[in-house]
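Trainee: The structure is given below, and queries will be raised subsequently.
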Amino acid sequence: MKPVLEFSNVSRSYKAGQPVLDRINWSMEPGEVLGLIGRNGAGKTTLIRLAMGMLYPEGGEVRLFGLSPTGDPIAVKKRVGYVAEDQVLPSGSTIAELIEFHRYLFPQWDAELERSLLDRFSLPKGSKIGKLSKGQAREVALLCAICHRPELLILDEPAGGLDPAARRDFLEASIQLLNREGTAILFSSHHMGDIERIGGRVVLLDDAAILLDRQVAELRENIFVAVVSSTATTIRNLSNLPGCLRARTMFDNFHAVIVGSETDVRTRIMAATGLGPNEFQCLPVPLEELFIELVGGGRS
Amino acid sequence: MIAQILRLERPSLKWLPLILIPAAYVCLILGGPKQIRQEIFIWGIFLPIVPLAGLLGMAKQWTCDPLIAVLPVPIRALYLARVINVMGTLVVCWGLILGFALLVLTDSTLPGFQAANCTLLVGILPYLALQAWHLHRPGFPKWIISLVCGIQIGPSMLLEIWLRRQPPATADLILLGSILCAAAIVSVGWFLAPAALIHQPRLQRTSTSPGGAPAILPRRITPFLPVLRSIYGWQYLMWLPILFTQGASQPGYFPAIMTGFAVIAALPRSLWIQSLPVPRRPLLLAVLGPAILALLAGHWVVSFQKSRMPVVRLVETSCGQADVAVPFDLWRPAPSNSNPEIRAPWGETYRPPVSTLLGLPVYNPFSSGCNNSDRFLQWQLRHAEFANGRGLSSRIRLLDTLFLCLMAVASTWVLFLTAWSRLRRTHRWTIISVAAIGWLALASANLSPNRFDVLGLTSAWLGLAFPNLAPWLVAAAILLLYRMVERVFLESEYTLKTPPQPAGR
């Protein structure tokens, strides 16, 4: 199947010698839901802006639907919906005017979906966008992004700043309305709860590279954190374990994130360190904890 | 406390080099005080006044209220710091004017000096009033500040020009009145300062209307209303009267150089279109077109006025005889290595002196010498009026217009270079330096030690050097440069680190 979005050796920096993204290879299939996570400044927004053709890659190639987003921007953008955290909407226009503009740009505009979303979000069409609350403005942006039924919906921190109820409503609307019809969704978020709720695939960006690229279900079942006393082994030993994504020091212990079933992980640790089965802990971790283990604190 | 506030609010004095460097450059290329002619004195005044508005508009004092509001800052200290900020900028600008005045101050330039002082102080009054008001209504709309900037640049220039023609007492009276007004405004602001900065909630209007586009608009336009409102926001529209005023009041290329700023002002508001399938080419045209038209409109108004004045006239020469003076566009290129000879049908001759026009040897073919007869003078005068009637000047006016367009497009191109993706990896200061050199080169095209109207000179030169090809050459240059601007614009990355104003409260 032809990928909807493909990054081939893509590099990008804002300052010479400090790449934000360094030779990223990555693709997304039609209908896939992909959550992009990473610390602040990890390159999530840069990656998304490269995908939208708002930034030019320094090296490599970005392809959307097989087209270049910078070389063929109109054809690409007609098939994409985009909502960003810092979405700047024309504050002097009314919702109705903005919808009219989108209807003009996208001939496949779904008026029925527009009506149902206006009802669902209780948006007054005559209101000026500048007078809306933050949540309402975000809902307008989402409405504009999905009513033309894009093949790819890109959400860059779309629910940032919204309260938990509004955030859940927002994300559920996106997923329910589009993904069941085969629209691929790429979204970045700091909220691991959102990622877990939506499911699909998770890509973790760190240090200008992709540190983790797995299905959420796999993360729930096949990733463990081994907690080993720092007197029992060395951190190098743990880092060199097969499947070890990261090892770090936490007070008197080492924490190592290891991919595999619990039995496998335990066997590998015992073989590498010579510890008995009760001399270390092997814990399944929620996604948020996993994120902290992978990108938080000092490095080994 | 006041020093701390000033540091936090980024005093406009920090931008002092932005004024000093071009001012020093102008002094340098003018070749020192001996070269400065009286009419160039306006540059000494113009340079401080225009940036003054920008400096005050840029100052952070209008935007950091939420931070100040939550800190235990005495409101009067805050007010004093802001007054010092404005007055400090005034002192710097006044220093520049004084500097220029010391170079060239004579009896004839004294009215200009007084007028400039007066204009500065009158221009500062609205800022002082705004600051006093700002304490009571923090966060008022930014269009008010831009309006003040507009008032500062446009009409205050006209005030300055008017004052230079008035008796010195007028300027002195206005100056005195302005000082009293400034003192009164600061005192009122001080005494009526509120206890704290309090953000007042804006009134919310709930609309029950369907909210569509107004019915009077044609249906083809209505979908584009959000785009039009975005690009033609106050940030852009404020430049149109400025460009018009500058086009009308400033000779030469300088007003054209300001066009780029108008274009840049419109772009942040149109960022939301980036993610939509909207072609960028029409966007560029929609932003650049009105700015250039406003500039040309101002220029045309003045050209129209000039066209009604006689261009062929008799002037008295040093030997006491009259001579025929015509604009440069009626001059002719001189043959190399010899003075051309003008011969009347009855045999009387004259060899006019050869001058150089931007390196091209030219002579006035309608000139008459000290030894020539009155009959010869009248014959030359009739010839000059006949030549002027053939429409040579209208061709030069067309060239003027085309040159202005060329400079406007060039200035936009220079400004766009900083956002061009292909130059993005270049070090920031390298780009800024190259852009600054480009700007200074464009600015220096506007300044000449000998003549003031460099635009007219360039047009005349091109008209003389390439009589038939000139308009086509300039038009081709405009098209070529516009294509370059378009290319840079299409390949630019306009992603601001701090977006202008995301929707939502």
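As shown in the structure tokens, the chain order sets the letters A, B, ...; within each chain, residues go from 1, and ligands are also counted from 1 in the order they appear.
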Within 8 Å of chain B, which residues of chain A are there when counting only C-alpha atoms? Please give them as a PyMOL selection string.
Mentor: chain A and resi 14-16+52+54-56+73-78+82+86-98+100-102+104-105+124-127+129-138
Trainee: Those residues with N, CA and C atoms, as a tab-separated table (two decimals), in the first residue's frame please?
Mentor:
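result.tsv written:
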chain	number	residue	atom	x	y	z
A	14	TYR	N	17.56	24.57	12.78
A	14	TYR	CA	17.33	26.01	12.78
A	14	TYR	C	18.64	26.77	12.97
A	15	LYS	N	19.60	26.08	13.62
A	15	LYS	CA	20.93	26.66	13.75
A	15	LYS	C	21.92	25.65	13.21
A	16	ALA	N	22.95	26.15	12.55
A	16	ALA	CA	23.92	25.25	11.95
A	16	ALA	C	24.53	24.36	13.03
A	52	MET	N	3.64	19.60	6.12
A	52	MET	CA	2.68	20.54	5.52
A	52	MET	C	3.31	21.44	4.47
A	54	MET	N	5.35	23.80	5.11
A	54	MET	CA	5.59	25.14	5.66
A	54	MET	C	7.09	25.35	5.90
A	55	LEU	N	7.82	24.27	6.02
A	55	LEU	CA	9.27	24.34	6.15
A	55	LEU	C	9.90	23.49	5.05
A	56	TYR	N	11.09	23.85	4.69
A	56	TYR	CA	11.82	23.08	3.69
A	56	TYR	C	12.83	22.17	4.39
A	73	PRO	N	2.18	22.23	-3.61
A	73	PRO	CA	1.46	22.48	-2.35
A	73	PRO	C	-0.06	22.46	-2.47
A	74	ILE	N	-0.59	22.96	-3.57
A	74	ILE	CA	-2.05	23.05	-3.68
A	74	ILE	C	-2.66	21.65	-3.72
A	75	ALA	N	-2.09	20.79	-4.57
A	75	ALA	CA	-2.64	19.43	-4.70
A	75	ALA	C	-2.55	18.69	-3.38
A	76	VAL	N	-1.47	18.91	-2.65
A	76	VAL	CA	-1.30	18.21	-1.37
A	76	VAL	C	-2.28	18.74	-0.33
A	77	LYS	N	-2.37	20.06	-0.23
A	77	LYS	CA	-3.19	20.65	0.83
A	77	LYS	C	-4.67	20.43	0.61
A	78	LYS	N	-5.07	20.16	-0.63
A	78	LYS	CA	-6.48	19.86	-0.89
A	78	LYS	C	-6.88	18.54	-0.25
A	82	TYR	N	-5.66	20.28	8.73
A	82	TYR	CA	-4.58	20.64	9.66
A	82	TYR	C	-5.12	21.52	10.79
A	86	ASP	N	-1.23	26.56	17.93
A	86	ASP	CA	-1.18	28.02	17.77
A	86	ASP	C	-1.91	28.44	16.50
A	87	GLN	N	-2.96	27.71	16.19
A	87	GLN	CA	-3.71	28.01	14.96
A	87	GLN	C	-4.16	29.48	14.96
A	88	VAL	N	-3.75	30.18	13.94
A	88	VAL	CA	-4.15	31.58	13.83
A	88	VAL	C	-5.32	31.63	12.86
A	89	LEU	N	-6.49	31.90	13.41
A	89	LEU	CA	-7.66	32.04	12.54
A	89	LEU	C	-7.94	33.54	12.35
A	90	PRO	N	-8.59	33.89	11.27
A	90	PRO	CA	-8.83	35.32	11.04
A	90	PRO	C	-9.84	35.87	12.04
A	91	SER	N	-9.34	36.57	13.03
A	91	SER	CA	-10.19	36.96	14.16
A	91	SER	C	-11.30	37.92	13.77
A	92	GLY	N	-11.12	38.65	12.68
A	92	GLY	CA	-12.14	39.62	12.29
A	92	GLY	C	-13.30	39.01	11.51
A	93	SER	N	-13.19	37.74	11.14
A	93	SER	CA	-14.25	37.12	10.33
A	93	SER	C	-15.19	36.31	11.21
A	94	THR	N	-16.37	36.05	10.68
A	94	THR	CA	-17.32	35.21	11.43
A	94	THR	C	-17.08	33.75	11.06
A	95	ILE	N	-17.66	32.87	11.88
A	95	ILE	CA	-17.53	31.44	11.59
A	95	ILE	C	-18.11	31.14	10.22
A	96	ALA	N	-19.23	31.76	9.92
A	96	ALA	CA	-19.91	31.50	8.64
A	96	ALA	C	-19.01	31.89	7.46
A	97	GLU	N	-18.34	33.01	7.59
A	97	GLU	CA	-17.46	33.46	6.50
A	97	GLU	C	-16.28	32.51	6.32
A	98	LEU	N	-15.77	32.05	7.45
A	98	LEU	CA	-14.63	31.13	7.35
A	98	LEU	C	-15.06	29.81	6.71
A	100	GLU	N	-17.48	29.45	4.65
A	100	GLU	CA	-17.74	29.72	3.22
A	100	GLU	C	-16.43	29.69	2.43
A	101	PHE	N	-15.39	30.23	3.04
A	101	PHE	CA	-14.09	30.22	2.38
A	101	PHE	C	-13.59	28.79	2.19
A	102	HIS	N	-13.74	27.97	3.22
A	102	HIS	CA	-13.30	26.58	3.12
A	102	HIS	C	-14.14	25.81	2.11
A	104	TYR	N	-15.41	27.02	-0.48
A	104	TYR	CA	-14.93	27.42	-1.80
A	104	TYR	C	-13.63	26.68	-2.17
A	105	LEU	N	-12.77	26.52	-1.16
A	105	LEU	CA	-11.47	25.89	-1.43
A	105	LEU	C	-11.59	24.38	-1.65
A	124	PRO	N	-22.15	29.29	17.37
A	124	PRO	CA	-23.01	30.27	16.70
A	124	PRO	C	-22.32	30.78	15.43
A	125	LYS	N	-22.94	30.52	14.28
A	125	LYS	CA	-22.27	30.82	13.01
A	125	LYS	C	-21.98	32.31	12.83
A	126	GLY	N	-22.80	33.12	13.46
A	126	GLY	CA	-22.64	34.56	13.26
A	126	GLY	C	-21.55	35.19	14.13
A	127	SER	N	-20.98	34.40	15.03
A	127	SER	CA	-20.00	34.99	15.95
A	127	SER	C	-18.66	35.23	15.27
A	129	ILE	N	-14.73	35.20	15.11
A	129	ILE	CA	-13.80	34.22	15.65
A	129	ILE	C	-12.99	34.80	16.81
A	130	GLY	N	-12.68	36.08	16.71
A	130	GLY	CA	-11.92	36.72	17.77
A	130	GLY	C	-12.66	36.76	19.11
A	131	LYS	N	-13.99	36.58	19.06
A	131	LYS	CA	-14.78	36.66	20.29
A	131	LYS	C	-15.02	35.27	20.90
A	132	LEU	N	-14.55	34.23	20.23
A	132	LEU	CA	-14.82	32.89	20.73
A	132	LEU	C	-13.87	32.55	21.87
A	133	SER	N	-14.27	31.56	22.68
A	133	SER	CA	-13.35	31.08	23.71
A	133	SER	C	-12.31	30.21	23.02
A	134	LYS	N	-11.26	29.89	23.77
A	134	LYS	CA	-10.16	29.10	23.19
A	134	LYS	C	-10.68	27.75	22.67
A	135	GLY	N	-11.52	27.12	23.48
A	135	GLY	CA	-12.06	25.81	23.09
A	135	GLY	C	-12.92	25.92	21.84
A	136	GLN	N	-13.75	26.96	21.79
A	136	GLN	CA	-14.62	27.15	20.62
A	136	GLN	C	-13.79	27.41	19.36
A	137	ALA	N	-12.73	28.21	19.52
A	137	ALA	CA	-11.87	28.49	18.37
A	137	ALA	C	-11.23	27.21	17.86
A	138	ARG	N	-10.83	26.36	18.80
A	138	ARG	CA	-10.23	25.09	18.41
A	138	ARG	C	-11.25	24.21	17.69
Trainee: Rounded to one decimal in Å, what is the spacing between CA of Pro241 in chain B and CA of Gln166 in chain B?
Mentor: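 So the two atoms, CA of Pro241 in chain B and CA of Gln166 in chain B, lie 25.4 Å apart.
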Trainee: Quick one: everything within 9 Å of Leu135 in chain B, counting only C-alpha atoms, minus sequence neighbours fewer than 5 positions away in the same chain. Send it as a ChimeraX atom specification.
Mentor: /B:75,79,130,189,193-194,196-198
Trainee: Need to verify the contact set: range 461-476 of chain B, 10 Å, only C-alpha atoms, exclusion of same-chain residues closer than 3 positions in sequence. Can you return it as a PyMOL selection string?
Mentor: chain B and resi 328-333+356-362+392-393+395-396+398-403+405-406+455-458+479-482
Trainee: Can you pull out the residues contacting Asn253 in chain A? Cut-off 6 Å, using only C-alpha atoms, and skip same-chain residues under 3 positions away; I want them as a PDB file with C-alpha atoms, in the first residue's frame.
Mentor:
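For reference, result_31.pdb as written:
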ATOM      1  CA  VAL A 228      18.098  -2.837  39.488  1.00  0.00           C
ATOM      2  CA  SER A 229      20.138  -1.741  42.461  1.00  0.00           C
ATOM      3  CA  SER A 230      23.144   0.311  41.402  1.00  0.00           C
ATOM      4  CA  THR A 249      20.280   6.223  37.181  1.00  0.00           C
ATOM      5  CA  MET A 250      17.490   6.980  39.621  1.00  0.00           C
TER       6      MET A 250
END
Trainee: Pick out the residues sitting within 10 Å of Leu290 in chain A, and hand them over as a ChimeraX atom specification; count only C-alpha atoms, and ignore anything fewer than 2 positions along from it in its own chain.
Mentor: /A:192,219-220,223-225,257,284-288,292-296
Trainee: For a test of reading the model, state the distance in Å between CA of Thr259 in chain B and CA of Leu293 in chain B, rounded to one decimal.
Mentor: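 Pair CA of Thr259 in chain B / CA of Leu293 in chain B returns 10.1 Å.
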Trainee: DSSP on the backbone: what in range 98-284 of chain A comes out strand (DSSP E), as a VMD selection string?
Mentor: chain A and resid 152 to 156 184 to 188 201 to 206 209 to 215 223 to 229 244 to 250 253 to 259 280 to 284
Trainee: Taking 6 positions as the minimum chain separation for residues in the same chain, which residues sit within 10 Å of range 173-188 of chain B when counting only C-alpha atoms? Answer as a PyMOL selection string.
Mentor: chain B and resi 79-80+83+114-115+117-132+163
Trainee: Mind giving me the straight-line distance from CA of Ile292 in chain B to CA of Ala408 in chain B in Å, one decimal?
Mentor: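 These atoms are spaced 6.8 Å apart.
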Trainee: From the set B:Trp429, B:Trp300, B:Tyr232, B:Phe261, which residue has the shortest atom-to-atom contact distance to Leu415 in chain B, counting only C-alpha atoms?
Mentor: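 When distances to Leu415 in chain B are compared using only C-alpha atoms, the smallest one comes from B:Phe261.
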Trainee: From the set B:Trp346, B:Trp190, B:Phe366, B:Trp234, which residue has the shortest atom-to-atom contact distance to Leu314 in chain B, counting only C-alpha atoms?
Mentor: B:Phe366
Trainee: Report the residues of range 27-97 of chain A whose backbone DSSP state falls under alpha helix (DSSP H), written as a VMD selection string.
Mentor: chain A and resid 44 to 51 73 to 77 95 to 97
